[in-house]
$ cat input_29.pdb   # PDB, C-alpha atoms
ATOM      1  CA  MET A   9     107.214 112.549 117.808
ATOM      2  CA  SER A  10     106.105 112.977 121.384
ATOM      3  CA  ALA A  11     107.583 115.879 123.301
ATOM      4  CA  GLY A  12     110.734 115.325 125.295
ATOM      5  CA  LYS A  13     111.532 111.835 124.022
ATOM      6  CA  ILE A  14     114.018 111.509 121.174
ATOM      7  CA  ASP A  15     114.457 108.096 119.591
ATOM      8  CA  PRO A  16     117.504 108.366 117.321
ATOM      9  CA  MET A  17     117.416 104.684 116.327
ATOM     10  CA  GLU A  18     113.928 104.715 114.818
ATOM     11  CA  GLN A  19     115.202 105.874 111.432
ATOM     12  CA  PHE A  20     117.328 102.747 110.959
ATOM     13  CA  GLN A  21     114.457 100.294 111.255
ATOM     14  CA  VAL A  22     114.165  97.816 108.422
ATOM     15  CA  GLY A  23     110.547  97.025 107.656
ATOM     16  CA  PRO A  24     108.992  94.752 105.046
ATOM     17  CA  ILE A  25     107.239  96.323 102.069
ATOM     18  CA  VAL A  26     106.297  93.066 100.332
ATOM     19  CA  PRO A  27     106.243  90.317 102.997
ATOM     20  CA  LEU A  28     107.537  86.960 101.758
ATOM     21  CA  LYS A  29     108.336  83.906 103.816
ATOM     22  CA  ILE A  30     109.874  80.754 102.406
ATOM     23  CA  GLY A  31     110.099  78.029 105.040
ATOM     24  CA  ALA A  32     111.816  79.468 108.082
ATOM     25  CA  TYR A  33     113.478  82.235 106.093
ATOM     26  CA  ASP A  34     112.161  85.778 105.919
ATOM     27  CA  LEU A  35     112.818  86.959 102.357
ATOM     28  CA  SER A  36     110.615  90.053 102.485
ATOM     29  CA  PHE A  37     111.252  92.937 100.143
ATOM     30  CA  THR A  38     112.282  95.570 102.687
ATOM     31  CA  ASN A  39     112.823  99.315 102.526
ATOM     32  CA  SER A  40     116.559  98.559 102.632
ATOM     33  CA  ALA A  41     116.264  96.466  99.467
ATOM     34  CA  LEU A  42     114.063  99.134  97.863
ATOM     35  CA  PHE A  43     116.708 101.805  98.413
ATOM     36  CA  MET A  44     119.448  99.488  97.107
ATOM     37  CA  PHE A  45     117.405  99.284  93.893
ATOM     38  CA  VAL A  46     117.012 103.075  93.924
ATOM     39  CA  VAL A  47     120.798 103.431  94.214
ATOM     40  CA  LEU A  48     121.313 100.875  91.444
ATOM     41  CA  GLY A  49     118.832 102.714  89.225
ATOM     42  CA  LEU A  50     120.475 106.098  89.825
ATOM     43  CA  LEU A  51     123.905 104.629  89.117
ATOM     44  CA  ALA A  52     122.730 102.941  85.911
ATOM     45  CA  TRP A  53     121.030 106.175  84.846
ATOM     46  CA  PHE A  54     124.183 108.221  85.513
ATOM     47  CA  ILE A  55     126.468 105.851  83.604
ATOM     48  CA  SER A  56     124.099 105.186  80.704
ATOM     49  CA  GLY A  57     124.000 108.930  80.057
ATOM     50  CA  GLY A  58     127.738 108.813  79.463
ATOM     51  CA  LEU A  59     127.768 105.780  77.185
ATOM     52  CA  LYS A  60     126.785 107.570  73.986
ATOM     53  CA  GLY A  61     130.441 107.899  72.948
ATOM     54  CA  ARG A  62     130.106 111.181  71.116
ATOM     55  CA  LEU A  63     133.282 112.629  69.592
ATOM     56  CA  VAL A  64     132.486 115.979  71.177
ATOM     57  CA  PRO A  65     131.296 114.933  74.638
ATOM     58  CA  THR A  66     128.301 116.448  76.306
ATOM     59  CA  ARG A  67     128.606 117.623  79.915
ATOM     60  CA  TRP A  68     127.026 114.416  81.108
ATOM     61  CA  GLN A  69     129.468 112.278  79.164
ATOM     62  CA  LEU A  70     132.337 114.366  80.539
ATOM     63  CA  ALA A  71     131.094 113.723  84.081
ATOM     64  CA  ALA A  72     130.834 109.961  83.499
ATOM     65  CA  GLU A  73     134.235 109.849  81.812
ATOM     66  CA  GLY A  74     135.686 111.906  84.655
ATOM     67  CA  ALA A  75     134.309 109.387  87.149
ATOM     68  CA  VAL A  76     135.873 106.471  85.273
ATOM     69  CA  GLY A  77     139.148 108.378  84.926
ATOM     70  CA  PHE A  78     139.188 109.192  88.638
ATOM     71  CA  ILE A  79     138.893 105.515  89.608
ATOM     72  CA  ASP A  80     141.402 104.500  86.930
ATOM     73  CA  ASN A  81     143.866 107.004  88.339
ATOM     74  CA  MET A  82     143.359 105.765  91.892
ATOM     75  CA  VAL A  83     143.792 102.132  90.864
ATOM     76  CA  GLN A  84     146.906 102.972  88.867
ATOM     77  CA  THR A  85     148.601 104.810  91.727
ATOM     78  CA  SER A  86     147.684 102.406  94.520
ATOM     79  CA  ILE A  87     147.764  98.967  92.852
ATOM     80  CA  GLY A  88     150.230  99.822  90.100
ATOM     81  CA  LYS A  89     151.128  97.156  87.527
ATOM     82  CA  GLY A  90     148.436  94.539  87.000
ATOM     83  CA  GLY A  91     145.776  96.599  88.751
ATOM     84  CA  LYS A  92     143.768  97.548  85.693
ATOM     85  CA  LYS A  93     141.538  94.466  85.903
ATOM     86  CA  PHE A  94     140.339  95.479  89.354
ATOM     87  CA  ALA A  95     139.168  98.916  88.199
ATOM     88  CA  PRO A  96     135.569  97.777  87.483
ATOM     89  CA  TYR A  97     135.223  96.334  90.994
ATOM     90  CA  ILE A  98     136.653  99.449  92.657
ATOM     91  CA  PHE A  99     134.418 101.587  90.434
ATOM     92  CA  SER A 100     131.256  99.701  91.435
ATOM     93  CA  LEU A 101     132.273  99.766  95.084
ATOM     94  CA  PHE A 102     133.030 103.496  95.161
ATOM     95  CA  PHE A 103     129.933 104.608  93.300
ATOM     96  CA  PHE A 104     127.540 102.234  95.038
ATOM     97  CA  ILE A 105     128.724 103.475  98.440
ATOM     98  CA  LEU A 106     128.787 107.122  97.331
ATOM     99  CA  PHE A 107     125.278 107.006  95.866
ATOM    100  CA  ALA A 108     123.904 105.045  98.814
ATOM    101  CA  ASN A 109     125.391 107.573 101.252
ATOM    102  CA  LEU A 110     124.061 110.534  99.293
ATOM    103  CA  VAL A 111     120.587 109.024  98.854
ATOM    104  CA  GLY A 112     120.582 108.389 102.609
ATOM    105  CA  VAL A 113     121.101 112.049 103.538
ATOM    106  CA  MET A 114     118.639 113.423 100.966
ATOM    107  CA  PRO A 115     116.164 115.569 102.933
ATOM    108  CA  LEU A 116     113.170 114.002 101.186
ATOM    109  CA  ALA A 117     111.315 113.429 104.465
ATOM    110  CA  VAL A 118     109.788 116.908 104.055
ATOM    111  CA  VAL A 119     107.417 115.148 101.625
ATOM    112  CA  PRO A 120     105.015 113.260 103.905
ATOM    113  CA  GLY A 121     105.405 109.496 103.728
ATOM    114  CA  LEU A 122     108.702 109.651 101.864
ATOM    115  CA  HIS A 123     111.455 108.577 104.209
ATOM    116  CA  THR A 124     114.837 107.894 102.642
ATOM    117  CA  PHE A 125     116.747 104.991 104.060
ATOM    118  CA  ALA A 126     120.533 104.997 104.340
ATOM    119  CA  VAL A 127     121.528 101.569 103.046
ATOM    120  CA  THR A 128     125.110 101.962 104.277
ATOM    121  CA  SER A 129     124.023 102.685 107.854
ATOM    122  CA  HIS A 130     123.588  98.948 108.432
ATOM    123  CA  ILE A 131     126.557  96.775 109.239
ATOM    124  CA  THR A 132     124.956  93.856 107.401
ATOM    125  CA  VAL A 133     125.365  95.786 104.137
ATOM    126  CA  THR A 134     128.796  97.307 104.756
ATOM    127  CA  ALA A 135     130.184  94.053 106.167
ATOM    128  CA  VAL A 136     129.106  92.179 103.031
ATOM    129  CA  LEU A 137     130.898  94.783 100.898
ATOM    130  CA  ALA A 138     133.967  94.494 103.135
ATOM    131  CA  PHE A 139     133.944  90.693 102.944
ATOM    132  CA  PHE A 140     133.720  90.900  99.149
ATOM    133  CA  SER A 141     136.892  92.998  99.189
ATOM    134  CA  PHE A 142     138.607  90.695 101.663
ATOM    135  CA  GLY A 143     137.582  87.597  99.716
ATOM    136  CA  ILE A 144     138.893  89.036  96.462
ATOM    137  CA  VAL A 145     142.191  89.863  98.204
ATOM    138  CA  LEU A 146     142.482  86.295  99.535
ATOM    139  CA  ILE A 147     141.565  84.649  96.226
ATOM    140  CA  VAL A 148     143.829  86.866  94.129
ATOM    141  CA  GLY A 149     146.730  86.464  96.563
ATOM    142  CA  LEU A 150     146.429  82.703  96.917
ATOM    143  CA  VAL A 151     145.890  82.059  93.203
ATOM    144  CA  LYS A 152     148.701  84.344  92.121
ATOM    145  CA  HIS A 153     151.349  83.458  94.715
ATOM    146  CA  GLY A 154     150.195  80.170  96.221
ATOM    147  CA  LEU A 155     151.538  79.596  99.708
ATOM    148  CA  LYS A 156     154.094  82.379  99.192
ATOM    149  CA  PHE A 157     151.142  84.682  99.889
ATOM    150  CA  PHE A 158     151.699  84.105 103.597
ATOM    151  CA  SER A 159     155.073  85.880 103.375
ATOM    152  CA  LEU A 160     152.805  88.937 103.632
ATOM    153  CA  PHE A 161     153.004  88.441 107.392
ATOM    154  CA  VAL A 162     156.830  88.627 107.387
ATOM    155  CA  PRO A 163     157.944  92.185 106.723
ATOM    156  CA  HIS A 164     161.243  92.756 104.941
ATOM    157  CA  GLY A 165     164.277  93.778 106.973
ATOM    158  CA  ALA A 166     162.894  92.888 110.397
ATOM    159  CA  PRO A 167     165.411  91.056 112.621
ATOM    160  CA  TRP A 168     164.683  87.324 112.976
ATOM    161  CA  TRP A 169     164.323  87.391 116.764
ATOM    162  CA  LEU A 170     161.371  89.797 116.437
ATOM    163  CA  MET A 171     159.427  87.292 114.313
ATOM    164  CA  PRO A 172     157.442  85.699 117.181
ATOM    165  CA  VAL A 173     156.042  89.163 117.886
ATOM    166  CA  ILE A 174     155.733  90.627 114.404
ATOM    167  CA  VAL A 175     154.066  87.686 112.654
ATOM    168  CA  PRO A 176     151.094  87.450 115.071
ATOM    169  CA  VAL A 177     150.677  91.214 115.011
ATOM    170  CA  GLU A 178     150.705  91.295 111.204
ATOM    171  CA  PHE A 179     148.312  88.347 111.108
ATOM    172  CA  ILE A 180     145.873  90.052 113.462
ATOM    173  CA  SER A 181     146.073  93.332 111.559
ATOM    174  CA  PHE A 182     145.365  91.377 108.351
ATOM    175  CA  MET A 183     142.378  89.540 109.813
ATOM    176  CA  VAL A 184     140.905  92.721 111.317
ATOM    177  CA  ARG A 185     140.821  94.424 107.896
ATOM    178  CA  PRO A 186     137.301  93.398 106.812
ATOM    179  CA  PHE A 187     135.858  94.381 110.190
ATOM    180  CA  SER A 188     137.542  97.779 110.282
ATOM    181  CA  LEU A 189     136.569  98.374 106.646
ATOM    182  CA  GLY A 190     132.899  97.618 107.218
ATOM    183  CA  LEU A 191     132.699  99.159 110.671
ATOM    184  CA  ARG A 192     134.180 102.488 109.554
ATOM    185  CA  LEU A 193     131.580 103.115 106.867
ATOM    186  CA  PHE A 194     128.672 101.846 108.966
ATOM    187  CA  VAL A 195     129.543 103.889 112.064
ATOM    188  CA  ALA A 196     130.349 107.067 110.175
ATOM    189  CA  MET A 197     126.972 107.010 108.449
ATOM    190  CA  THR A 198     125.067 105.982 111.589
ATOM    191  CA  ALA A 199     126.729 108.708 113.665
ATOM    192  CA  GLY A 200     125.877 111.372 111.109
ATOM    193  CA  HIS A 201     122.246 110.294 110.888
ATOM    194  CA  ILE A 202     121.872 110.197 114.681
ATOM    195  CA  LEU A 203     123.357 113.690 114.893
ATOM    196  CA  LEU A 204     120.929 115.003 112.273
ATOM    197  CA  GLU A 205     118.000 113.279 113.982
ATOM    198  CA  VAL A 206     118.903 114.746 117.393
ATOM    199  CA  PHE A 207     119.234 118.291 116.097
ATOM    200  CA  GLY A 208     116.104 117.884 113.999
ATOM    201  CA  SER A 209     114.140 116.837 117.090
ATOM    202  CA  PHE A 210     115.602 119.781 119.014
ATOM    203  CA  ALA A 211     114.395 122.117 116.269
ATOM    204  CA  VAL A 212     110.868 120.654 116.216
ATOM    205  CA  GLN A 213     110.504 120.658 119.987
ATOM    206  CA  GLY A 214     112.088 124.117 120.325
ATOM    207  CA  LEU A 215     109.711 125.548 117.760
ATOM    208  CA  ASN A 216     106.742 123.898 119.502
ATOM    209  CA  ALA A 217     107.799 125.425 122.823
ATOM    210  CA  GLY A 218     108.423 128.778 121.118
ATOM    211  CA  LEU A 219     104.955 128.819 119.577
ATOM    212  CA  ASN A 220     103.575 128.249 123.071
ATOM    213  CA  GLY A 221     105.252 131.490 124.144
ATOM    214  CA  SER A 222     108.692 130.447 125.352
ATOM    215  CA  PRO A 223     111.544 132.698 124.082
ATOM    216  CA  ILE A 224     114.136 130.023 124.960
ATOM    217  CA  GLY A 225     112.308 127.648 122.611
ATOM    218  CA  ILE A 226     112.831 130.053 119.714
ATOM    219  CA  ALA A 227     116.522 130.363 120.607
ATOM    220  CA  VAL A 228     116.889 126.558 120.704
ATOM    221  CA  TRP A 229     115.096 126.272 117.364
ATOM    222  CA  PHE A 230     117.356 128.871 115.749
ATOM    223  CA  ALA A 231     120.579 127.354 117.105
ATOM    224  CA  SER A 232     119.447 123.856 116.073
ATOM    225  CA  MET A 233     118.657 124.995 112.540
ATOM    226  CA  LEU A 234     122.143 126.538 112.265
ATOM    227  CA  MET A 235     123.647 123.286 113.530
ATOM    228  CA  ILE A 236     121.594 121.261 111.034
ATOM    229  CA  ILE A 237     122.996 123.330 108.171
ATOM    230  CA  GLY A 238     126.542 122.788 109.419
ATOM    231  CA  VAL A 239     126.079 119.088 110.133
ATOM    232  CA  SER A 240     124.452 118.523 106.728
ATOM    233  CA  ALA A 241     127.428 120.103 104.991
ATOM    234  CA  LEU A 242     129.757 117.952 107.079
ATOM    235  CA  GLU A 243     127.696 114.871 106.252
ATOM    236  CA  LEU A 244     128.019 115.504 102.509
ATOM    237  CA  LEU A 245     131.792 115.667 103.001
ATOM    238  CA  VAL A 246     131.789 112.491 105.114
ATOM    239  CA  CYS A 247     129.706 110.662 102.478
ATOM    240  CA  ALA A 248     132.324 111.352  99.830
ATOM    241  CA  ILE A 249     135.307 110.730 102.124
ATOM    242  CA  GLN A 250     133.990 107.405 103.419
ATOM    243  CA  ALA A 251     133.298 106.131  99.903
ATOM    244  CA  TYR A 252     136.775 107.268  98.843
ATOM    245  CA  VAL A 253     138.447 105.685 101.875
ATOM    246  CA  PHE A 254     136.614 102.380 101.331
ATOM    247  CA  ALA A 255     137.692 102.234  97.680
ATOM    248  CA  LEU A 256     141.230 103.404  98.480
ATOM    249  CA  LEU A 257     141.773 100.859 101.253
ATOM    250  CA  THR A 258     140.377  98.072  99.065
ATOM    251  CA  SER A 259     142.793  98.957  96.307
ATOM    252  CA  LEU A 260     145.680  99.100  98.815
ATOM    253  CA  TYR A 261     144.802  95.645 100.116
ATOM    254  CA  LEU A 262     144.661  94.451  96.504
ATOM    255  CA  HIS A 263     148.131  95.918  96.041
ATOM    256  CA  ASP A 264     149.341  93.695  98.888
ATOM    257  CA  ALA A 265     147.703  90.671  97.255
ATOM    258  CA  VAL A 266     149.126  91.382  93.799
ATOM    259  CA  HIS A 267     152.637  92.490  94.728
ATOM    260  CA  LEU A 268     153.265  91.134  98.273
ATOM    261  CA  HIS A 269     154.624  94.379  99.781
TER     262      HIS A 269
ATOM    263  CA  MET B  13     124.305 105.980 142.207
ATOM    264  CA  THR B  14     121.837 103.900 140.271
ATOM    265  CA  ASP B  15     122.734 101.475 137.507
ATOM    266  CA  VAL B  16     121.154 103.716 134.881
ATOM    267  CA  GLY B  17     123.152 106.694 136.146
ATOM    268  CA  ALA B  18     126.368 104.704 135.992
ATOM    269  CA  MET B  19     125.459 103.635 132.459
ATOM    270  CA  TYR B  20     125.058 107.210 131.293
ATOM    271  CA  ILE B  21     128.332 108.222 132.970
ATOM    272  CA  GLY B  22     130.044 105.329 131.196
ATOM    273  CA  ALA B  23     128.638 106.405 127.844
ATOM    274  CA  GLY B  24     129.867 109.926 128.501
ATOM    275  CA  LEU B  25     133.326 108.652 129.397
ATOM    276  CA  ALA B  26     133.396 106.658 126.156
ATOM    277  CA  ALA B  27     132.771 109.911 124.299
ATOM    278  CA  ILE B  28     136.147 111.233 125.505
ATOM    279  CA  GLY B  29     137.774 108.890 122.993
ATOM    280  CA  ILE B  30     135.989 110.686 120.170
ATOM    281  CA  GLY B  31     137.634 113.954 121.218
ATOM    282  CA  LEU B  32     141.036 112.268 121.284
ATOM    283  CA  ALA B  33     140.443 110.944 117.768
ATOM    284  CA  ALA B  34     139.627 114.524 116.760
ATOM    285  CA  LEU B  35     143.130 115.488 117.938
ATOM    286  CA  GLY B  36     144.545 112.678 115.817
ATOM    287  CA  VAL B  37     142.616 113.639 112.694
ATOM    288  CA  GLY B  38     143.611 117.279 113.160
ATOM    289  CA  ASN B  39     147.229 116.225 113.506
ATOM    290  CA  VAL B  40     147.056 114.192 110.283
ATOM    291  CA  PHE B  41     145.662 117.061 108.228
ATOM    292  CA  GLY B  42     147.801 119.691 109.992
ATOM    293  CA  SER B  43     151.015 117.803 109.327
ATOM    294  CA  PHE B  44     149.983 117.204 105.745
ATOM    295  CA  LEU B  45     149.350 120.916 105.194
ATOM    296  CA  GLU B  46     152.628 121.804 106.856
ATOM    297  CA  GLY B  47     154.502 119.566 104.476
ATOM    298  CA  ALA B  48     152.348 120.469 101.479
ATOM    299  CA  LEU B  49     152.983 124.202 101.905
ATOM    300  CA  ARG B  50     156.734 123.594 101.977
ATOM    301  CA  ASN B  51     156.660 121.465  98.851
ATOM    302  CA  PRO B  52     153.365 121.971  96.991
ATOM    303  CA  GLY B  53     154.641 119.998  94.003
ATOM    304  CA  ALA B  54     154.773 116.758  95.992
ATOM    305  CA  ALA B  55     151.455 117.314  97.778
ATOM    306  CA  ASP B  56     149.136 115.791  95.176
ATOM    307  CA  GLY B  57     151.067 112.547  95.083
ATOM    308  CA  GLN B  58     150.596 112.041  98.817
ATOM    309  CA  GLN B  59     146.850 112.442  98.961
ATOM    310  CA  GLY B  60     146.276 108.695  99.153
ATOM    311  CA  ARG B  61     148.554 108.428 102.188
ATOM    312  CA  LEU B  62     146.781 111.417 103.732
ATOM    313  CA  PHE B  63     143.479 109.579 103.579
ATOM    314  CA  ILE B  64     144.994 106.353 104.887
ATOM    315  CA  GLY B  65     146.242 108.228 107.942
ATOM    316  CA  PHE B  66     142.882 109.931 108.274
ATOM    317  CA  ALA B  67     141.032 106.605 108.049
ATOM    318  CA  GLY B  68     143.271 105.013 110.657
ATOM    319  CA  SER B  69     142.891 107.712 113.270
ATOM    320  CA  GLU B  70     139.214 108.246 112.519
ATOM    321  CA  LEU B  71     138.449 104.550 113.019
ATOM    322  CA  LEU B  72     139.518 104.683 116.664
ATOM    323  CA  GLY B  73     137.166 107.578 117.328
ATOM    324  CA  LEU B  74     134.348 105.701 115.625
ATOM    325  CA  ILE B  75     135.045 102.678 117.819
ATOM    326  CA  ALA B  76     134.711 104.945 120.868
ATOM    327  CA  PHE B  77     131.340 106.000 119.463
ATOM    328  CA  VAL B  78     130.348 102.348 119.023
ATOM    329  CA  VAL B  79     131.225 101.685 122.661
ATOM    330  CA  ALA B  80     129.021 104.590 123.767
ATOM    331  CA  ILE B  81     126.127 103.355 121.594
ATOM    332  CA  LEU B  82     126.545  99.790 122.880
ATOM    333  CA  ILE B  83     126.361 101.038 126.463
ATOM    334  CA  LEU B  84     123.285 103.161 125.770
ATOM    335  CA  PHE B  85     121.215 100.879 123.558
ATOM    336  CA  VAL B  86     122.452  97.305 123.900
ATOM    337  CA  VAL B  87     123.718  96.706 127.427
ATOM    338  CA  ARG B  88     120.454  97.935 128.990
ATOM    339  CA  HIS B  89     118.269  95.281 127.402
TER     340      HIS B  89
END
$ encode --input "input_29.pdb" --output "structure tokens"
Amino acid sequence: MSAGKIDPMEQFQVGPIVPLKIGAYDLSFTNSALFMFVVLGLLAWFISGGLKGRLVPTRWQLAAEGAVGFIDNMVQTSIGKGGKKFAPYIFSLFFFILFANLVGVMPLAVVPGLHTFAVTSHITVTAVLAFFSFGIVLIVGLVKHGLKFFSLFVPHGAPWWLMPVIVPVEFISFMVRPFSLGLRLFVAMTAGHILLEVFGSFAVQGLNAGLNGSPIGIAVWFASMLMIIGVSALELLVCAIQAYVFALLTSLYLHDAVHLH
Amino acid sequence: MTDVGAMYIGAGLAAIGIGLAALGVGNVFGSFLEGALRNPGAADGQQGRLFIGFAGSELLGLIAFVVAILILFVVRH
């Protein structure tokens, strides 16, 4: 990186690894797709270690069973009756997002040429996940309740003369759900990566200036390294929280679809 | 004042919203702790609601961040 100029957006660039063009469509195998496969592989590896079904579980099996139990518990408390069949979807959602977030913040760039890519820092990916959730909510609600599903927009106990106000507001808040769901995850990850990139550049440039004999450069390098440690810890927390929030909100929306309030 | 200067000032002003969202998130967790310390038995059952409140107030701060990023990287080109 050239001195003085910090480009925080460079790390989000999607580039082709195996170029492939069919007609007018670009179907290249990109680094984004590669890291989705990495996440899928890690997830399959983690779960397959817990599938042995020993009577006395190993630590690995305990971890996998704990993960399944955690999602089961969340689904039970937020969807309630009839929510058990959504547990596999919530499980896949939570662990795909969690693993993708964690793979994204892995500091593997210290190995030259190895640059991890945060799959969830692109709104194309998170929006597709959010639209899956929204679509499942719509399908489940409409199949289960038919047109009664639209009574979702009419809250209980509200006076009738407030309806012209409440129904549009409820409708808008319902339609905004997929956008807020996808945007939250995408922005949280992007913001964290930009922050890390900025402090990382400060550290590199500060150390360069310090090696050229500037004491302020050393001070900047030291402060930036401290900040990187703090921000990395915060990022690990945000990774887990965002995955949890995505899964939790999806299961709450499913509760609306299954039970109508 | 040049256009670029005004753009940077606008991005900085958009960042104020992030600080306000920080107040909101702090309020969510602070109120939760206040209630949880009075009745620790009920605290675990409310964790889902805690994160819903957190997600709601955090989203508005993230939107402020999006506005700042749009001003810096999208509007210019």
$ resolve_selection --input "input_29.pdb" --expression "the ChimeraX specification (/B :<7) & /A" --output "MDAnalysis selection string"
chainID A and resid 192 195:196 253
$ atom_distance --input "input_29.pdb" --atom1 "atom CA of A:Tyr97" --atom2 "atom CA of A:Ser259"
9.6 Å
$ atom_distance --input "input_29.pdb" --atom1 "atom CA of A:Asn220" --atom2 "atom CA of A:Leu122"
28.7 Å
$ residues_around --input "input_29.pdb" --residues "A:Ala75" --least-positions-apart "6" --cutoff "12 Å" --atoms "all atoms listed in the file" --output "list in words"
Leu51, Phe54, Ile55, Gly58, Trp68, Gln69, Asn81, Met82, Ala95, Pro96, Ile98, Phe99, Ser100, Phe102, Phe103 and Leu106 of chain A
$ closest_residue --input "input_29.pdb" --among "B:Ser43, B:Ala33, B:Ala18, B:Val86" --to "B:Ala55" --atoms "only C-alpha atoms"
B:Ser43
$ atom_distance --input "input_29.pdb" --atom1 "atom CA of B:Gly53" --atom2 "atom CA of A:Leu245"
24.9 Å
$ resolve_selection --input "input_29.pdb" --expression "the PyMOL selection byres ((chain A and resi 182) around 12)" --output "PyMOL selection string"
chain A and resi 142+145-146+158+160-162+175-181+183-189+261+264-265
$ axis_aligned_box --input "input_29.pdb" --around "stretch 66-76 of chain B" --padding-each-side "6 Å" --output "JSON"
{"center_x": 138.8, "center_y": 106.3, "center_z": 114.5, "size_x": 20.9, "size_y": 19.3, "size_z": 24.8}
$ residues_around --input "input_29.pdb" --residues "A:Met235" --least-positions-apart "5" --cutoff "10 Å" --atoms "all atoms listed in the file" --output "PyMOL selection string"
chain A and resi 203-204+207-208+211+229-230+240-241
$ resolve_selection --input "input_29.pdb" --expression "the PyMOL selection byres ((chain A and resi 23) around 7)" --output "PyMOL selection string"
chain A and resi 21-22+24-25+38-39
$ residues_around --input "input_29.pdb" --residues "A:Pro27" --least-positions-apart "5" --cutoff "12 Å" --atoms "all atoms listed in the file" --output "PyMOL selection string"
chain A and resi 33-39
$ closest_residue --input "input_29.pdb" --among "B:Leu32, B:Ala27, B:Val37, B:Ala48" --to "B:Val79" --atoms "all atoms listed in the file"
B:Ala27
$ residues_around --input "input_29.pdb" --residues "A:Thr134" --least-positions-apart "2" --cutoff "8 Å" --atoms "all atoms listed in the file" --output "list in words"
Thr128, Ser129, His130, Ile131, Thr132, Val136, Leu137, Ala138, Gly190, Leu191, Leu193 and Phe194 of chain A
$ decode --input "input_29.pdb" --residues "stretch 49-61 of chain A" --atoms "N, CA, C and O atoms" --output "mmCIF file, in the first residue's frame"
data_model
loop_
_atom_site.group_PDB
_atom_site.id
_atom_site.type_symbol
_atom_site.label_atom_id
_atom_site.label_comp_id
_atom_site.auth_asym_id
_atom_site.auth_seq_id
_atom_site.Cartn_x
_atom_site.Cartn_y
_atom_site.Cartn_z
ATOM 1 N N GLY A 49 -17.630 -26.285 3.783
ATOM 2 C CA GLY A 49 -16.765 -27.390 4.174
ATOM 3 C C GLY A 49 -16.517 -27.430 5.671
ATOM 4 O O GLY A 49 -16.609 -28.479 6.302
ATOM 5 N N LEU A 50 -16.241 -26.251 6.260
ATOM 6 C CA LEU A 50 -15.996 -26.180 7.702
ATOM 7 C C LEU A 50 -17.230 -26.632 8.480
ATOM 8 O O LEU A 50 -17.128 -27.376 9.458
ATOM 9 N N LEU A 51 -18.403 -26.178 8.002
ATOM 10 C CA LEU A 51 -19.650 -26.514 8.682
ATOM 11 C C LEU A 51 -19.904 -28.017 8.609
ATOM 12 O O LEU A 51 -20.249 -28.658 9.613
ATOM 13 N N ALA A 52 -19.694 -28.586 7.404
ATOM 14 C CA ALA A 52 -19.912 -30.027 7.234
ATOM 15 C C ALA A 52 -18.930 -30.809 8.100
ATOM 16 O O ALA A 52 -19.302 -31.816 8.728
ATOM 17 N N TRP A 53 -17.697 -30.319 8.164
ATOM 18 C CA TRP A 53 -16.667 -30.977 8.981
ATOM 19 C C TRP A 53 -17.056 -30.937 10.456
ATOM 20 O O TRP A 53 -16.961 -31.934 11.176
ATOM 21 N N PHE A 54 -17.523 -29.776 10.917
ATOM 22 C CA PHE A 54 -17.903 -29.617 12.327
ATOM 23 C C PHE A 54 -19.057 -30.546 12.679
ATOM 24 O O PHE A 54 -19.037 -31.223 13.707
ATOM 25 N N ILE A 55 -20.073 -30.601 11.813
ATOM 26 C CA ILE A 55 -21.257 -31.405 12.139
ATOM 27 C C ILE A 55 -20.959 -32.898 11.999
ATOM 28 O O ILE A 55 -21.371 -33.705 12.831
ATOM 29 N N SER A 56 -20.187 -33.263 10.952
ATOM 30 C CA SER A 56 -19.935 -34.687 10.743
ATOM 31 C C SER A 56 -19.139 -35.274 11.905
ATOM 32 O O SER A 56 -19.268 -36.462 12.210
ATOM 33 N N GLY A 57 -18.346 -34.446 12.577
ATOM 34 C CA GLY A 57 -17.632 -34.926 13.757
ATOM 35 C C GLY A 57 -18.560 -35.281 14.887
ATOM 36 O O GLY A 57 -18.200 -36.055 15.773
ATOM 37 N N GLY A 58 -19.766 -34.692 14.871
ATOM 38 C CA GLY A 58 -20.709 -34.955 15.965
ATOM 39 C C GLY A 58 -21.747 -35.994 15.616
ATOM 40 O O GLY A 58 -22.670 -36.237 16.389
ATOM 41 N N LEU A 59 -21.642 -36.603 14.446
ATOM 42 C CA LEU A 59 -22.690 -37.521 13.996
ATOM 43 C C LEU A 59 -22.402 -38.981 14.340
ATOM 44 O O LEU A 59 -23.118 -39.864 13.892
ATOM 45 N N LYS A 60 -21.347 -39.233 15.120
ATOM 46 C CA LYS A 60 -21.005 -40.616 15.405
ATOM 47 C C LYS A 60 -22.063 -41.280 16.289
ATOM 48 O O LYS A 60 -22.280 -42.476 16.203
ATOM 49 N N GLY A 61 -22.721 -40.497 17.152
ATOM 50 C CA GLY A 61 -23.772 -41.043 17.996
ATOM 51 C C GLY A 61 -23.270 -41.996 19.056
ATOM 52 O O GLY A 61 -23.896 -43.014 19.342
#
